[in-house]
file input.pdb (PDB, C-alpha atoms)
ATOM      1  CA  MET A   1       0.000   0.000   0.000
ATOM      2  CA  HIS A   2       1.436   3.330  -0.963
ATOM      3  CA  GLU A   3       2.155   5.971   1.642
ATOM      4  CA  GLN A   4       0.475   9.348   1.750
ATOM      5  CA  ARG A   5       2.703  12.341   1.128
ATOM      6  CA  LEU A   6       2.111  13.633   4.678
ATOM      7  CA  GLY A   7       2.998  10.300   6.207
ATOM      8  CA  GLY A   8       0.967   7.337   7.395
ATOM      9  CA  PRO A   9      -0.966   4.750   5.395
ATOM     10  CA  ALA A  10      -3.362   5.923   2.718
ATOM     11  CA  GLN A  11      -7.022   5.929   3.671
ATOM     12  CA  GLU A  12      -9.742   4.616   1.415
ATOM     13  CA  ALA A  13     -12.079   7.276   0.114
ATOM     14  CA  THR A  14     -15.097   7.413   2.406
ATOM     15  CA  GLY A  15     -17.021  10.369   0.987
ATOM     16  CA  PRO A  16     -20.203   9.966  -1.021
ATOM     17  CA  TYR A  17     -19.973   9.379  -4.774
ATOM     18  CA  THR A  18     -16.260   8.495  -4.579
ATOM     19  CA  ARG A  19     -16.493   4.721  -4.969
ATOM     20  CA  SER A  20     -19.083   1.949  -4.924
ATOM     21  CA  ARG A  21     -19.647  -0.003  -1.762
ATOM     22  CA  SER A  22     -22.232  -2.353  -0.238
ATOM     23  CA  LEU A  23     -25.354  -0.971   1.333
ATOM     24  CA  PRO A  24     -25.636  -1.326   5.122
ATOM     25  CA  ASP A  25     -28.095  -3.890   6.389
ATOM     26  CA  TYR A  26     -31.706  -2.826   6.236
ATOM     27  CA  ARG A  27     -33.278  -2.163   9.618
ATOM     28  CA  GLY A  28     -36.731  -1.528  10.905
ATOM     29  CA  ILE A  29     -36.784   1.598  13.055
ATOM     30  CA  LEU A  30     -39.226   2.373  15.867
ATOM     31  CA  ALA A  31     -39.224   5.776  17.544
ATOM     32  CA  VAL A  32     -41.637   7.076  20.184
ATOM     33  CA  ASP A  33     -42.146  10.451  21.835
ATOM     34  CA  ALA A  34     -44.210  11.413  24.868
ATOM     35  CA  LYS A  35     -46.847  14.049  24.121
ATOM     36  CA  GLY A  36     -46.525  17.267  26.102
ATOM     37  CA  PHE A  37     -43.258  16.265  27.759
ATOM     38  CA  THR A  38     -42.049  19.826  28.345
ATOM     39  CA  GLY A  39     -45.432  20.752  29.797
ATOM     40  CA  HIS A  40     -44.901  18.468  32.769
ATOM     41  CA  PRO A  41     -43.137  19.815  35.863
ATOM     42  CA  ALA A  42     -39.371  19.386  35.731
ATOM     43  CA  ILE A  43     -39.458  16.873  38.567
ATOM     44  CA  ALA A  44     -41.486  14.514  36.328
ATOM     45  CA  HIS A  45     -39.089  14.576  33.355
ATOM     46  CA  GLU A  46     -36.693  11.936  34.661
ATOM     47  CA  VAL A  47     -39.593   9.701  35.658
ATOM     48  CA  ILE A  48     -41.067   9.895  32.161
ATOM     49  CA  SER A  49     -37.668   9.337  30.496
ATOM     50  CA  ARG A  50     -37.165   6.156  32.497
ATOM     51  CA  THR A  51     -40.757   4.979  32.189
ATOM     52  CA  VAL A  52     -41.101   5.147  28.374
ATOM     53  CA  PRO A  53     -38.611   2.312  27.610
ATOM     54  CA  GLU A  54     -40.063   0.308  30.504
ATOM     55  CA  LEU A  55     -43.534   0.589  28.992
ATOM     56  CA  LEU A  56     -42.150  -0.412  25.594
ATOM     57  CA  GLU A  57     -40.474  -3.476  27.093
ATOM     58  CA  THR A  58     -43.720  -4.443  28.829
ATOM     59  CA  ALA A  59     -45.654  -4.081  25.573
ATOM     60  CA  PHE A  60     -43.207  -6.234  23.594
ATOM     61  CA  ALA A  61     -43.342  -8.925  26.292
ATOM     62  CA  ARG A  62     -47.139  -8.851  26.524
ATOM     63  CA  ALA A  63     -47.424  -9.074  22.719
ATOM     64  CA  GLY A  64     -45.188 -12.150  22.665
ATOM     65  CA  LEU A  65     -42.394 -10.241  20.912
ATOM     66  CA  ARG A  66     -39.754 -10.154  23.624
ATOM     67  CA  GLU A  67     -37.068 -11.331  21.183
ATOM     68  CA  ILE A  68     -37.417  -8.069  19.231
ATOM     69  CA  TRP A  69     -36.772  -6.077  22.390
ATOM     70  CA  ASN A  70     -33.885  -8.275  23.483
ATOM     71  CA  ASP A  71     -32.229  -8.043  20.034
ATOM     72  CA  ARG A  72     -32.765  -4.284  19.493
ATOM     73  CA  ARG A  73     -29.956  -2.410  17.758
ATOM     74  CA  PHE A  74     -28.480   1.044  18.508
ATOM     75  CA  PRO A  75     -31.044   1.827  21.248
ATOM     76  CA  ALA A  76     -31.067   5.412  22.476
ATOM     77  CA  THR A  77     -33.152   7.629  24.698
ATOM     78  CA  THR A  78     -34.210  10.993  23.323
ATOM     79  CA  GLY A  79     -35.191  12.504  26.659
ATOM     80  CA  ASP A  80     -38.909  12.443  25.958
ATOM     81  CA  GLY A  81     -38.793   9.237  23.936
ATOM     82  CA  TYR A  82     -36.874   6.227  22.726
ATOM     83  CA  VAL A  83     -35.594   4.820  19.414
ATOM     84  CA  PHE A  84     -34.027   1.553  18.267
ATOM     85  CA  GLY A  85     -33.533  -0.639  15.228
ATOM     86  CA  PHE A  86     -34.648  -4.210  14.670
ATOM     87  CA  ASP A  87     -34.857  -6.962  12.077
ATOM     88  CA  PRO A  88     -37.036  -5.491   9.292
ATOM     89  CA  THR A  89     -38.596  -8.882   8.533
ATOM     90  CA  LEU A  90     -40.411  -8.524  11.873
ATOM     91  CA  MET A  91     -41.974  -5.162  10.980
ATOM     92  CA  PRO A  92     -45.491  -6.653  10.452
ATOM     93  CA  PHE A  93     -45.525  -7.753  14.113
ATOM     94  CA  VAL A  94     -44.438  -4.327  15.340
ATOM     95  CA  VAL A  95     -47.309  -2.746  13.413
ATOM     96  CA  HIS A  96     -49.674  -5.326  14.876
ATOM     97  CA  PRO A  97     -50.048  -6.539  17.577
ATOM     98  CA  LEU A  98     -47.331  -4.377  19.195
ATOM     99  CA  LEU A  99     -48.995  -0.965  18.693
ATOM    100  CA  LEU A 100     -52.371  -2.219  19.910
ATOM    101  CA  THR A 101     -50.717  -3.853  22.920
ATOM    102  CA  LEU A 102     -48.821  -0.634  23.657
ATOM    103  CA  GLN A 103     -52.191   1.160  23.719
ATOM    104  CA  ASP A 104     -53.400  -1.341  26.343
ATOM    105  CA  VAL A 105     -50.213  -1.027  28.407
ATOM    106  CA  LEU A 106     -50.497   2.759  28.467
ATOM    107  CA  THR A 107     -54.157   2.509  29.445
ATOM    108  CA  ASP A 108     -53.193   0.373  32.424
ATOM    109  CA  TYR A 109     -50.419   2.778  33.354
ATOM    110  CA  ASN A 110     -52.505   5.931  33.029
ATOM    111  CA  VAL A 111     -55.767   4.678  34.481
ATOM    112  CA  LEU A 112     -55.171   1.701  36.727
ATOM    113  CA  SER A 113     -51.865   2.741  38.299
ATOM    114  CA  HIS A 114     -52.971   6.359  38.918
ATOM    115  CA  ALA A 115     -49.789   7.599  37.287
ATOM    116  CA  VAL A 116     -48.398  10.909  38.506
ATOM    117  CA  ALA A 117     -47.664  11.940  34.905
ATOM    118  CA  PRO A 118     -50.000  10.347  32.304
ATOM    119  CA  ILE A 119     -48.114   9.262  29.213
ATOM    120  CA  ARG A 120     -49.469   9.328  25.656
ATOM    121  CA  LEU A 121     -47.106   8.322  22.864
ATOM    122  CA  ARG A 122     -46.607   9.181  19.227
ATOM    123  CA  ALA A 123     -44.848   6.376  17.347
ATOM    124  CA  SER A 124     -43.189   6.283  13.933
ATOM    125  CA  LEU A 125     -42.077   3.268  11.910
ATOM    126  CA  HIS A 126     -39.694   3.200   8.964
ATOM    127  CA  ILE A 127     -37.415   0.798   7.070
ATOM    128  CA  GLY A 128     -34.060   1.575   5.497
ATOM    129  CA  PRO A 129     -30.316   0.835   5.320
ATOM    130  CA  LEU A 130     -28.438   1.893   8.459
ATOM    131  CA  PRO A 131     -24.866   1.129   9.571
ATOM    132  CA  ASP A 132     -24.676  -0.897  12.756
ATOM    133  CA  THR A 133     -21.211  -0.277  14.183
ATOM    134  CA  GLY A 134     -22.109  -1.469  17.659
ATOM    135  CA  ASP A 135     -21.002   1.767  19.319
ATOM    136  CA  GLU A 136     -22.624   5.101  20.134
ATOM    137  CA  PHE A 137     -22.333   6.216  16.495
ATOM    138  CA  GLY A 138     -24.268   3.262  15.062
ATOM    139  CA  GLY A 139     -27.637   3.640  13.412
ATOM    140  CA  ASN A 140     -27.072   7.102  11.972
ATOM    141  CA  GLY A 141     -28.352   7.840   8.484
ATOM    142  CA  THR A 142     -31.185   9.275   6.445
ATOM    143  CA  PRO A 143     -33.747   6.553   7.352
ATOM    144  CA  ARG A 144     -33.299   7.315  11.032
ATOM    145  CA  ASN A 145     -33.529  11.063  10.431
ATOM    146  CA  ASP A 146     -36.733  10.540   8.457
ATOM    147  CA  THR A 147     -38.152   8.399  11.275
ATOM    148  CA  HIS A 148     -37.767  11.306  13.676
ATOM    149  CA  ARG A 149     -39.205  13.746  11.132
ATOM    150  CA  LEU A 150     -42.278  11.541  10.766
ATOM    151  CA  LEU A 151     -42.580  11.467  14.550
ATOM    152  CA  ASP A 152     -42.619  15.287  14.623
ATOM    153  CA  SER A 153     -44.908  15.691  11.617
ATOM    154  CA  VAL A 154     -48.112  17.697  11.703
ATOM    155  CA  PRO A 155     -50.637  14.874  11.030
ATOM    156  CA  VAL A 156     -49.645  12.539  13.863
ATOM    157  CA  LYS A 157     -49.404  15.417  16.341
ATOM    158  CA  ALA A 158     -52.824  16.672  15.278
ATOM    159  CA  VAL A 159     -54.436  13.255  15.704
ATOM    160  CA  LEU A 160     -53.140  12.708  19.231
ATOM    161  CA  ALA A 161     -54.081  16.269  20.193
ATOM    162  CA  SER A 162     -57.639  15.962  18.845
ATOM    163  CA  HIS A 163     -58.506  12.544  20.304
ATOM    164  CA  LYS A 164     -59.675  12.070  23.884
ATOM    165  CA  GLU A 165     -56.755  11.794  26.289
ATOM    166  CA  SER A 166     -58.650   9.333  28.475
ATOM    167  CA  ILE A 167     -59.084   6.857  25.586
ATOM    168  CA  THR A 168     -56.447   7.284  22.854
ATOM    169  CA  HIS A 169     -52.929   6.820  24.201
ATOM    170  CA  VAL A 170     -51.075   5.873  20.989
ATOM    171  CA  ALA A 171     -51.022   7.458  17.537
ATOM    172  CA  ALA A 172     -48.639   5.955  14.986
ATOM    173  CA  ILE A 173     -47.341   7.078  11.609
ATOM    174  CA  LEU A 174     -45.826   4.685   9.061
ATOM    175  CA  SER A 175     -43.536   5.656   6.223
ATOM    176  CA  GLN A 176     -44.643   4.863   2.695
ATOM    177  CA  ARG A 177     -42.021   2.107   2.438
ATOM    178  CA  CYS A 178     -43.137   0.564   5.717
ATOM    179  CA  TYR A 179     -46.784   0.671   4.659
ATOM    180  CA  GLU A 180     -46.134  -0.798   1.214
ATOM    181  CA  ASP A 181     -43.947  -3.645   2.491
ATOM    182  CA  ALA A 182     -45.771  -4.633   5.689
ATOM    183  CA  VAL A 183     -49.396  -3.512   5.268
ATOM    184  CA  ALA A 184     -50.245  -3.279   1.572
ATOM    185  CA  GLY A 185     -48.256  -6.468   1.014
ATOM    186  CA  GLY A 186     -50.713  -8.302   3.276
ATOM    187  CA  TYR A 187     -48.186  -9.332   5.924
ATOM    188  CA  THR A 188     -49.703  -7.353   8.817
ATOM    189  CA  GLY A 189     -52.755  -8.532  10.743
ATOM    190  CA  ARG A 190     -54.534  -5.239  10.083
ATOM    191  CA  HIS A 191     -56.536  -4.406   6.971
ATOM    192  CA  PRO A 192     -55.348  -1.384   4.964
ATOM    193  CA  ASP A 193     -58.632   0.340   5.836
ATOM    194  CA  HIS A 194     -57.242   0.839   9.351
ATOM    195  CA  PHE A 195     -54.669   3.243   7.883
ATOM    196  CA  VAL A 196     -55.202   6.764   6.570
ATOM    197  CA  GLU A 197     -52.909   8.347   3.989
ATOM    198  CA  VAL A 198     -51.504  11.774   4.862
ATOM    199  CA  ALA A 199     -48.915  14.263   3.713
ATOM    200  CA  ALA A 200     -46.313  14.286   6.487
ATOM    201  CA  THR A 201     -44.776  17.727   6.865
ATOM    202  CA  VAL A 202     -42.821  19.271   9.719
ATOM    203  CA  GLU A 203     -43.197  22.922  10.639
ATOM    204  CA  GLY A 204     -40.001  24.829   9.936
ATOM    205  CA  LYS A 205     -38.273  21.834   8.296
ATOM    206  CA  PRO A 206     -37.737  21.044   4.588
ATOM    207  CA  PHE A 207     -39.521  17.706   4.935
ATOM    208  CA  ALA A 208     -42.554  16.344   3.093
ATOM    209  CA  GLN A 209     -43.338  12.682   2.542
ATOM    210  CA  ARG A 210     -46.330  10.463   1.922
ATOM    211  CA  ALA A 211     -47.136   8.515   5.088
ATOM    212  CA  TRP A 212     -49.935   6.595   6.819
ATOM    213  CA  ILE A 213     -51.651   7.222  10.158
ATOM    214  CA  TYR A 214     -52.727   4.327  12.354
ATOM    215  CA  VAL A 215     -54.563   4.769  15.668
ATOM    216  CA  PRO A 216     -55.175   1.490  17.538
ATOM    217  CA  GLN A 217     -57.951   3.000  19.700
ATOM    218  CA  PRO A 218     -59.386   6.119  18.043
ATOM    219  CA  SER A 219     -61.708   8.518  19.849
ATOM    220  CA  GLY A 220     -62.049  11.220  17.212
ATOM    221  CA  PRO A 221     -62.172  11.770  13.457
ATOM    222  CA  LEU A 222     -59.431  10.711  11.076
ATOM    223  CA  TYR A 223     -59.489  13.000   8.053
ATOM    224  CA  GLU A 224     -58.330  11.508   4.780
ATOM    225  CA  THR A 225     -56.533  13.321   2.022
ATOM    226  CA  ALA A 226     -56.564  12.298  -1.616
ATOM    227  CA  PRO A 227     -53.928   9.558  -1.905
ATOM    228  CA  ALA A 228     -52.049  11.055  -4.813
ATOM    229  CA  GLU A 229     -53.654  13.993  -6.579
ATOM    230  CA  GLY A 230     -52.406  17.211  -5.072
ATOM    231  CA  LEU A 231     -50.472  15.360  -2.363
ATOM    232  CA  LEU A 232     -46.908  16.651  -2.166
ATOM    233  CA  GLY A 233     -47.313  18.044  -5.671
ATOM    234  CA  GLU A 234     -47.403  14.620  -7.352
ATOM    235  CA  PRO A 235     -49.833  13.588 -10.103
ATOM    236  CA  ALA A 236     -52.469  11.027  -9.312
ATOM    237  CA  PRO A 237     -51.717   7.545 -10.663
ATOM    238  CA  GLU A 238     -54.373   5.813 -12.726
ATOM    239  CA  GLY A 239     -56.989   4.193 -10.519
ATOM    240  CA  ALA A 240     -55.939   6.085  -7.376
ATOM    241  CA  ARG A 241     -58.598   6.134  -4.687
ATOM    242  CA  ARG A 242     -59.133   7.059  -1.103
ATOM    243  CA  PRO A 243     -58.273   4.285   1.365
ATOM    244  CA  GLY A 244     -61.289   2.333   2.491
ATOM    245  CA  THR A 245     -63.465   3.220  -0.480
ATOM    246  CA  ASP A 246     -64.408   1.310  -3.587
ATOM    247  CA  PRO A 247     -63.182   2.616  -6.932
ATOM    248  CA  GLU A 248     -65.840   4.717  -8.612
ATOM    249  CA  PRO A 249     -67.241   3.100 -11.780
ATOM    250  CA  ALA A 250     -66.768   4.915 -15.048
ATOM    251  CA  GLN A 251     -69.795   6.967 -15.971
ATOM    252  CA  ALA A 252     -70.902   8.357 -19.309
ATOM    253  CA  PRO A 253     -70.970  12.152 -19.414
ATOM    254  CA  ALA A 254     -74.399  13.528 -18.525
ATOM    255  CA  PRO A 255     -76.317  15.246 -21.335
ATOM    256  CA  ALA A 256     -76.523  19.030 -21.196
ATOM    257  CA  PRO A 257     -79.700  20.084 -19.333
ATOM    258  CA  ALA A 258     -82.447  21.734 -21.375
ATOM    259  CA  PRO A 259     -83.343  25.330 -20.473
ATOM    260  CA  LEU A 260     -86.088  25.465 -17.867
ATOM    261  CA  PRO A 261     -89.279  27.500 -18.421
ATOM    262  CA  HIS A 262     -89.996  30.755 -16.665
ATOM    263  CA  VAL A 263     -90.817  29.978 -13.015
ATOM    264  CA  SER A 264     -92.590  32.263 -10.566
ATOM    265  CA  ASN A 265     -93.231  31.037  -7.033
ATOM    266  CA  SER A 266     -94.020  32.607  -3.702
ATOM    267  CA  ALA A 267     -94.342  31.215  -0.221
ATOM    268  CA  PRO A 268     -95.402  32.890   3.033
ATOM    269  CA  HIS A 269     -92.449  33.439   5.344
ATOM    270  CA  GLY A 270     -90.275  31.597   2.816
ATOM    271  CA  ASN A 271     -88.186  32.259  -0.289
ATOM    272  CA  LEU A 272     -89.348  34.043  -3.420
ATOM    273  CA  ASN A 273     -87.706  32.753  -6.583
ATOM    274  CA  THR A 274     -88.651  34.336  -9.907
ATOM    275  CA  GLY A 275     -87.121  34.453 -13.337
ATOM    276  CA  THR A 276     -85.491  31.857 -15.530
ATOM    277  CA  VAL A 277     -83.214  29.439 -13.707
ATOM    278  CA  HIS A 278     -80.319  27.690 -15.454
ATOM    279  CA  GLY A 279     -78.253  25.037 -13.622
ATOM    280  CA  GLY A 280     -78.096  25.130  -9.831
ATOM    281  CA  GLN A 281     -79.399  27.784  -7.482
ATOM    282  CA  SER A 282     -78.504  29.055  -4.012
ATOM    283  CA  VAL A 283     -81.277  29.225  -1.406
ATOM    284  CA  ALA A 284     -81.110  30.919   1.969
ATOM    285  CA  ASN A 285     -83.841  30.863   4.609
ATOM    286  CA  HIS A 286     -83.178  32.822   7.750
ATOM    287  CA  HIS A 287     -86.367  31.635   9.458
ATOM    288  CA  VAL A 288     -85.061  28.096   9.995
ATOM    289  CA  ALA A 289     -82.835  27.338  12.966
ATOM    290  CA  GLY A 290     -79.945  24.959  12.698
ATOM    291  CA  ASP A 291     -76.539  25.020  11.006
ATOM    292  CA  HIS A 292     -75.394  27.593   8.463
ATOM    293  CA  VAL A 293     -72.897  26.050   6.048
ATOM    294  CA  GLU A 294     -70.844  27.832   3.433
ATOM    295  CA  GLY A 295     -68.203  26.395   1.124
ATOM    296  CA  ASN A 296     -67.566  22.764   0.418
ATOM    297  CA  LYS A 297     -68.503  20.391   3.199
ATOM    298  CA  ALA A 298     -67.652  17.343   1.097
ATOM    299  CA  GLY A 299     -64.759  15.089   1.966
ATOM    300  CA  ARG A 300     -64.265  11.791   3.667
ATOM    301  CA  VAL A 301     -64.319  11.643   7.427
ATOM    302  CA  ARG A 302     -63.597   8.540   9.406
ATOM    303  CA  GLY A 303     -64.922   8.395  12.924
ATOM    304  CA  PHE A 304     -67.649  10.787  14.018
ATOM    305  CA  GLN A 305     -69.837  12.011  11.134
ATOM    306  CA  GLY A 306     -72.708  14.440  10.711
ATOM    307  CA  ASP A 307     -73.820  17.534  12.580
ATOM    308  CA  GLN A 308     -75.065  17.660  16.113
ATOM    309  CA  VAL A 309     -77.991  20.090  16.545
ATOM    310  CA  ARG A 310     -79.131  21.159  19.953
ATOM    311  CA  GLY A 311     -82.591  22.676  20.548
ATOM    312  CA  ASP A 312     -85.506  22.875  18.112
ATOM    313  CA  LYS A 313     -84.218  22.651  14.555
ATOM    314  CA  TYR A 314     -87.602  23.788  13.234
ATOM    315  CA  GLN A 315     -87.856  26.892  15.397
ATOM    316  CA  GLY A 316     -89.279  29.800  13.397
ATOM    317  CA  ARG A 317     -91.328  27.708  10.988
ATOM    318  CA  PRO A 318     -95.075  28.426  11.031
TER     319      PRO A 318
END

call {"tool": "encode", "arguments": {"input": "input.pdb", "output": "structure tokens"}}
result
Amino acid sequence: MHEQRLGGPAQEATGPYTRSRSLPDYRGILAVDAKGFTGHPAIAHEVISRTVPELLETAFARAGLREIWNDRRFPATTGDGYVFGFDPTLMPFVVHPLLLTLQDVLTDYNVLSHAVAPIRLRASLHIGPLPDTGDEFGGNGTPRNDTHRLLDSVPVKAVLASHKESITHVAAILSQRCYEDAVAGGYTGRHPDHFVEVAATVEGKPFAQRAWIYVPQPSGPLYETAPAEGLLGEPAPEGARRPGTDPEPAQAPAPAPAPLPHVSNSAPHGNLNTGTVHGGQSVANHHVAGDHVEGNKAGRVRGFQGDQVRGDKYQGRP
């Protein structure tokens, strides 16, 4: 081996794009964060930091997946959470039953044990090549960075914040790769209709990816976005549809409506509509109590649906 001009043995080029080399082993990555960690009194921070991995260990054991916990790679605490890598072939089991079991474990902790600081967790799951050097520097790379970005993304934070804190203790977000391999591939014991496609963005960060929300025990609405069209600026693939819905059958274009005749109507205490009407019309009646809706109320909502009206909805009608 030739010597470098400044002395010492020559080093192989390690920078990107300098030479070809083997990819690191692919790893599944699980990261969790405690909601509202900084809002707890300082005296509770250490308790929460120690409790989160203990709750994870309990969940893995209760789900019959203790070997995943025992064999975890590059584990690390994040202060308000925990992250580690594992064999990616076991990802379907981490999606289910682990996340559902974690929901049950947190319920026991928060309700039955009268915990001083209730813990609700966001979880993110991803798959990708990561170096495993066995020391404190192992597990660093883009897949791990993306796992933490998903964990901090707007959709999963919004879901946990909007669902009842006494019922929903876990909200998870899966990367597109994780969803395609483990869920859409049919390897996970949860139907794809349990998952909702979202655009994962992080406030103040140049990050935007397609991802999937999964809530083992929901207590609020899960709002869907169109799976491709308009999502992250990508065109919709042929046959794209919302998750959990049947593809819409092709329909022949409707014939142009014929002009309607002159219409003149009147109604006591109601609406007066005169003139020739083409197409649709807008009607307002201020004598009817209830909800006033403007704009487009269409869209798909999972969970609670419809409007709740209190009082007499027909107040004001003769």

call {"tool": "closest_residue", "arguments": {"input": "input.pdb", "among": "A:Ala200, A:Leu121, A:Val215, A:Ala171", "to": "Gly36 (chain A)", "atoms": "only C-alpha atoms"}}
result
A:Leu121

call {"tool": "closest_residue", "arguments": {"input": "input.pdb", "among": "A:Val198, A:Leu100, A:Val32, A:Val170", "to": "Val154 (chain A)", "atoms": "only C-alpha atoms"}}
result
A:Val198

call {"tool": "resolve_selection", "arguments": {"input": "input.pdb", "expression": "the PyMOL selection byres ((chain A and resi 162) around 12)", "output": "PyMOL selection string"}}
result
chain A and resi 155-161+163-169+171+218-223

call {"tool": "residues_around", "arguments": {"input": "input.pdb", "residues": "Val111 (chain A)", "least_positions_apart": "3", "cutoff": "12 Å", "atoms": "only C-alpha atoms", "output": "list in words"}}
result
Gln103, Asp104, Val105, Leu106, Thr107, Asp108, His114, Ala115, Val116, Ala117, Pro118, Ile119, Arg120, Glu165, Ser166, Ile167, Thr168 and His169 of chain A

call {"tool": "closest_residue", "arguments": {"input": "input.pdb", "among": "A:Asp71, A:Glu180, A:Asp80, A:Asp132", "to": "Val52 (chain A)", "atoms": "only C-alpha atoms"}}
result
A:Asp80

call {"tool": "atom_distance", "arguments": {"input": "input.pdb", "atom1": "CA of Val196 (chain A)", "atom2": "CA of Thr58 (chain A)"}}
result
27.4 Å

call {"tool": "residues_around", "arguments": {"input": "input.pdb", "residues": "Arg27 (chain A)", "least_positions_apart": "4", "cutoff": "10 Å", "atoms": "only C-alpha atoms", "output": "ChimeraX atom specification"}}
result
/A:73,84-91,126-132,139,143-144

call {"tool": "axis_aligned_box", "arguments": {"input": "input.pdb", "around": "region 98-111 of chain A", "padding_each_side": "4 Å", "output": "lines of an AutoDock Vina configuration file"}}
result
center_x = -51.5
center_y = 0.8
center_z = 26.6
size_x = 16.4
size_y = 18.3
size_z = 23.8

call {"tool": "atom_distance", "arguments": {"input": "input.pdb", "atom1": "CA of Ile213 (chain A)", "atom2": "CA of Ala172 (chain A)"}}
result
5.8 Å

call {"tool": "atom_distance", "arguments": {"input": "input.pdb", "atom1": "CA of Ser49 (chain A)", "atom2": "CA of Asp33 (chain A)"}}
result
9.8 Å

call {"tool": "closest_residue", "arguments": {"input": "input.pdb", "among": "A:Arg50, A:Val95, A:Gly79, A:Gln217", "to": "Leu65 (chain A)", "atoms": "all atoms listed in the file"}}
result
A:Val95

call {"tool": "closest_residue", "arguments": {"input": "input.pdb", "among": "A:Ala61, A:Leu99, A:Cys178, A:Ala199", "to": "Ile29 (chain A)", "atoms": "only C-alpha atoms"}}
result
A:Cys178
